[in-house]
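**Q** Mind having a look at this structure? Questions to follow.
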Amino acid sequence: MSIVSELEKIVSGGFVSSALIDRIVSAEDTFPYELREEEVPYAVVMPGCKEEISQILRFANKEKVPVFVRGSATQLAGSTRPHTHGIILSTDRLNKVDIFEDYNFFECGAGCIVLQLAQKLEELGYYLPVHPGSRRIARMGGVVSNNTSAHIVDASIGKPSDYILGVEVVLPNGDIIETGTKGMRRPAGTDLTKFFVGGDGLLGVITKIRMRLVPAFKSSYGVVHFKNLESLAKGVQRMYYEKRPKPLIMEMMDEKTTQVGFKAKGLPAPKGAIILFESIGCSQEEAETKREQIIQSLEAENPIKVDRLKDINEWNSILSAREVIGSFLCQESGNYSKSAEVIPNLKYLPEATEECANFNQGLPICGSLEHYLYGHIGAVSLHPGILIPRNWDSEKQREAITELFEREAELNLKYGGCGGEWGQFSKRTSFFIRRYGKEGYEFVKNIKKAIDPNNILNPGILEGYR
Ligand SMILES: Cc1cc2nc3c(=O)[nH]c(=O)nc-3n(C[C@H](O)[C@H](O)[C@H](O)COP(=O)(O)OP(=O)(O)OC[C@H]3O[C@@H](n4cnc5c(N)ncnc54)[C@H](O)[C@@H]3O)c2cc1C
């Protein structure tokens with residue numbers, strides 16, 4: 001039996017590939033190290049509908065071949081990289097969008113690119129409450145599987161799950177189910193949507209997502225320059241403690257990072273560490289009033305400078321300097337940039353920021369590497385990053401990444417948080433066990449076993465193999 005010819009019986013039209021280059025490219029992810037031989041898949045398949053996915057999963061169960069679901073593989077914790085031979089199931093062709101204004105929701109295929117969907121909604125006066133830095137390529141299925149707010153400050157408008165009314169899913173055994181509601185409030189019975197939104201792609205292949213329509217709002221923008229990271233962190237604490245309206249987006253970069261990001265965008269390099277933020281309101285006046293209230297808290301920490309931006313193009317340039325900073329650091333240095341996700345409790349933000357600024361100090365492998373600090377500071381989320389030398393061999397790069405995640409785990413445990421926006425398992429399985437105990441981990445394993453007894457769908461994520 002040839003896996004490729006069996007897949008071609010299910011998905012016609014040239015959407016199955018066994019070309020080595022496709023198999024390699026579709027198994028790689030954001031990690032710098034090369035694939036091991038056993039990680040190269042047998043085939044890549046791009047189904048066009050839920051029925052084809054159902055048949056692929058039924059076939060995979062029959063033949064006990066693992067299936068690895070892939071959006072754009074921009075997840076940063078290793079979930080899309082297979083650890084063993086199998087089938088890569090790409091969601092690229094699930095890209096239909098239906099906007100039902102009368103019903104106040106839209107439905108989109110899991111393969112829709114985030115930015116393209118956001119632009120479609122924007123044309124009709126709506127806002128997509130999902131904003132990862134990878135939105136130019138990341139797909140809705142990946143974002144929903146991680147339930148990531150990304151650049152959006154959770155305390156401002158909530159998480160994607162607050163807007164998702166339901167999903168259509170193909171279960172690992174090939175059954176197709178729909179969860180949720182087309183109404184405003186929660187569905188009847190156990191809310192099955194919650195198994196899949198933030199489910200790390202363990203329990204089913206999401207094919208369609210239904211989300212509430214969110215009216216667009218007016219925005220105002222600010223950039224605040226601080227003399228050091230301590231005052232920056234204390235300013236954010238104040239914003240919360242003084243009960244200010246939360247910004248939609250609030251990002252930070254340390255001074256070294258701004259130099260690289262601003263240079264890449266052709267902007268004059270600012271002084272100090274910066275916070276850039278977007279305030280929102282129903283009217284321009286309301287957005288500006290909220291911006292001033294936030295600035296009042298930040299000003300109490302004596303910043304070097306406060307800029308109130310008027311030009312949307314200037315804001316877009318500065319935001320993009322931050323959004324794609326990982327790529328700019330790679331370009332500038334010729335090495336690989338890799339970051340961690342430390343999300344301390346608000347109370348510990350200044351100490352955690354200080355420690356993240358020296359994140360790799362004393363680490364045996366990464367200790368001497370160039371490091372940077374940036375993050376979604378309004379969401380109290382820090383991304384300490386390092387540059388991994390391109391000329392290190394693959395195994396050393398792998399060890400460096402493992403060390404990075406170990407350090408991330410240490411700091412999240414110390415400061416009461418959890419790096420989870422990029423996925424809770426794969427590189428974070430050992431953290432999960434330390435944080436939630438063996439019992440918590442067994443609970444998840446038992447759910448997975450009950451739904452996917454052959455461990456066909458995305459194996460390795462839960463086991464932390466990747
Ligand atoms: C430059 C850059 C910036 C980023 N910025 C942020 C950020 O600001 N905040 C943040 O939290 N994250 C950020 N990320 C990581 C973020 O998690 C991903 O970009 C995004 O959520 C994943 O989308 P994807 O299409 O690439 O999914 P993938 O990486 O392809 O998939 C992610 C996981 O979901 C599973 N999956 C994918 N589609 C489905 C589906 N249809 N059904 C079931 N499971 C599925 C996969 O198997 C995998 O386990 C960034 C990444 C990059 C490279």
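Within each chain, counting starts at residue 1; across the structure tokens, chains are named A, B, ... in the order shown, with ligands numbered 1 upward in that order.
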To test your reading of the structure, identify every residue in range 180-414 of chain A that backbone DSSP assigns to alpha helix (DSSP H), and report it as an MDAnalysis selection string.
**A** chainID A and resid 193:196 229:241 255:264 284:299 312:323 325:333 349:357 394:414
**Q** So which bits of range 43-125 of chain A end up strand (DSSP E) when you DSSP the backbone, as a list in words?
**A**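 Strand (DSSP E) members of range 43-125 of chain A, listed: Ala43, Val44, Val45, Val67, Phe68, Val69, Arg70, Ile87, Ile88, Leu89, Ser90, Val97, Asp98, Ile99, Phe100, Phe105, Phe106, Glu107, Cys108 and Gly109 of chain A.
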**Q** Can I get the residues of chain A within 6 Å of ligand 1, each with the closest pair of atoms and their distance in Å to one decimal, using only C-alpha atoms and all ligand atoms, sorted chain first then ascending number, as CSV?
**A**
```
residue,atom,partner,partner_atom_place_in_ligand_line,distance
A:Phe68,CA,ligand 1,47 (O),6.0
A:Val69,CA,ligand 1,47 (O),4.1
A:Arg70,CA,ligand 1,30 (O),4.1
A:Gly71,CA,ligand 1,30 (O),3.2
A:Ser72,CA,ligand 1,26 (O),3.6
A:Ala73,CA,ligand 1,29 (O),3.2
A:Thr74,CA,ligand 1,26 (O),3.6
A:Gln75,CA,ligand 1,29 (O),3.6
A:Leu76,CA,ligand 1,15 (C),5.2
A:Ser79,CA,ligand 1,49 (O),4.2
A:Thr80,CA,ligand 1,48 (C),4.7
A:Ala110,CA,ligand 1,41 (N),4.8
A:Pro132,CA,ligand 1,8 (O),3.8
A:Gly133,CA,ligand 1,5 (N),3.6
A:Ser134,CA,ligand 1,3 (C),3.9
A:Ala138,CA,ligand 1,25 (O),3.8
A:Arg139,CA,ligand 1,25 (O),3.6
A:Gly141,CA,ligand 1,41 (N),3.8
A:Gly142,CA,ligand 1,27 (O),3.3
A:Val143,CA,ligand 1,21 (O),3.6
A:Ser145,CA,ligand 1,34 (O),4.9
A:Asn146,CA,ligand 1,21 (O),5.7
A:Thr148,CA,ligand 1,11 (O),4.7
A:Ala150,CA,ligand 1,9 (N),3.2
A:His151,CA,ligand 1,8 (O),4.9
A:Asp200,CA,ligand 1,49 (O),5.2
A:Gly201,CA,ligand 1,44 (N),3.5
A:Gly204,CA,ligand 1,43 (C),5.7
A:Val205,CA,ligand 1,42 (N),3.7
A:Ile206,CA,ligand 1,42 (N),3.8
A:Thr207,CA,ligand 1,41 (N),5.5
A:Val324,CA,ligand 1,1 (C),5.2
A:Glu421,CA,ligand 1,11 (O),4.4
A:Trp422,CA,ligand 1,17 (O),4.1
```
**Q** For N, CA and C atoms, I'd like the residues from the last selection saved as a compact mmCIF listing (two decimals), in the first residue's frame.
**A**
```txt
# COMPACT_ATOMS: atom_id res chain seq x y z
N PHE A 68 -0.10 15.19 11.20
CA PHE A 68 0.35 16.42 11.85
C PHE A 68 -0.33 17.60 11.16
N VAL A 69 -1.10 18.35 11.93
CA VAL A 69 -1.84 19.48 11.35
C VAL A 69 -0.94 20.70 11.30
N ARG A 70 -1.03 21.40 10.18
CA ARG A 70 -0.15 22.55 9.99
C ARG A 70 -0.91 23.73 9.42
N GLY A 71 -0.81 24.88 10.14
CA GLY A 71 -1.30 26.13 9.57
C GLY A 71 -0.15 26.73 8.80
N SER A 72 0.50 27.76 9.38
CA SER A 72 1.69 28.31 8.74
C SER A 72 2.97 27.99 9.51
N ALA A 73 2.82 27.17 10.55
CA ALA A 73 3.97 26.72 11.37
C ALA A 73 4.75 27.87 11.99
N THR A 74 4.04 28.93 12.36
CA THR A 74 4.73 30.04 13.03
C THR A 74 4.66 29.91 14.56
N GLN A 75 4.02 28.87 15.04
CA GLN A 75 3.95 28.63 16.48
C GLN A 75 5.38 28.54 17.00
N LEU A 76 5.62 29.11 18.19
CA LEU A 76 7.01 29.26 18.62
C LEU A 76 7.44 28.24 19.67
N SER A 79 5.19 22.99 18.19
CA SER A 79 4.07 22.05 18.02
C SER A 79 3.88 21.53 16.60
N THR A 80 4.35 22.24 15.61
CA THR A 80 4.07 21.77 14.25
C THR A 80 5.16 20.85 13.70
N ALA A 110 -10.38 27.44 8.69
CA ALA A 110 -9.20 27.45 9.57
C ALA A 110 -7.95 27.92 8.84
N PRO A 132 -1.68 38.49 16.25
CA PRO A 132 -0.30 38.05 16.49
C PRO A 132 0.67 38.81 15.60
N GLY A 133 1.90 38.92 16.04
CA GLY A 133 2.93 39.59 15.24
C GLY A 133 3.12 38.88 13.90
N SER A 134 2.68 37.63 13.85
CA SER A 134 2.82 36.81 12.64
C SER A 134 1.59 36.91 11.75
N ALA A 138 0.21 33.89 9.66
CA ALA A 138 -0.44 32.92 10.57
C ALA A 138 -1.89 32.71 10.15
N ARG A 139 -2.40 31.51 10.41
CA ARG A 139 -3.77 31.17 9.99
C ARG A 139 -4.69 31.05 11.21
N GLY A 141 -6.79 28.83 12.19
CA GLY A 141 -6.80 27.55 12.91
C GLY A 141 -5.68 27.48 13.94
N GLY A 142 -4.50 27.97 13.58
CA GLY A 142 -3.36 27.96 14.50
C GLY A 142 -3.59 28.90 15.67
N VAL A 143 -4.10 30.08 15.34
CA VAL A 143 -4.33 31.09 16.39
C VAL A 143 -5.39 30.59 17.37
N SER A 145 -6.27 27.44 17.93
CA SER A 145 -5.76 26.29 18.69
C SER A 145 -4.91 26.75 19.87
N ASN A 146 -4.25 27.90 19.69
CA ASN A 146 -3.46 28.45 20.80
C ASN A 146 -4.27 29.40 21.67
N THR A 148 -4.61 32.57 21.33
CA THR A 148 -3.68 33.64 21.69
C THR A 148 -4.25 35.02 21.41
N ALA A 150 -2.19 37.51 21.66
CA ALA A 150 -1.02 38.05 20.99
C ALA A 150 -0.80 39.50 21.39
N HIS A 151 -0.81 40.44 20.43
CA HIS A 151 -0.51 41.83 20.80
C HIS A 151 -1.67 42.50 21.54
N ASP A 200 -4.46 23.20 21.76
CA ASP A 200 -3.13 22.79 21.26
C ASP A 200 -3.22 21.78 20.11
N GLY A 201 -4.34 21.74 19.40
CA GLY A 201 -4.45 20.83 18.25
C GLY A 201 -4.41 19.36 18.63
N GLY A 204 -8.75 17.51 17.79
CA GLY A 204 -9.49 17.53 16.54
C GLY A 204 -8.90 18.54 15.57
N VAL A 205 -9.29 18.40 14.31
CA VAL A 205 -8.85 19.37 13.30
C VAL A 205 -9.98 20.40 13.15
N ILE A 206 -9.70 21.63 13.53
CA ILE A 206 -10.71 22.69 13.38
C ILE A 206 -10.79 23.02 11.89
N THR A 207 -12.01 22.99 11.36
CA THR A 207 -12.15 23.31 9.93
C THR A 207 -12.80 24.68 9.74
N VAL A 324 7.66 42.61 13.98
CA VAL A 324 8.52 41.64 13.30
C VAL A 324 9.97 41.77 13.74
N GLU A 421 0.71 31.20 25.63
CA GLU A 421 0.06 31.77 24.44
C GLU A 421 0.52 31.05 23.17
N TRP A 422 1.73 30.53 23.17
CA TRP A 422 2.20 29.83 21.96
C TRP A 422 1.90 28.36 22.02
```
**Q** Taking into account only C-alpha atoms, which residue in the set A:Ser381, A:Thr190, A:Gln237, A:Asn360 is nearest to Glu251 in chain A?
**A**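 The closest residue to Glu251 in chain A is A:Ser381.
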**Q** Please, what distance in Å, to one decimal, runs between CA of Leu309 in chain A and CA of Ser279 in chain A?
**A**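 Rounded to one decimal, the two atoms are 11.4 Å apart.
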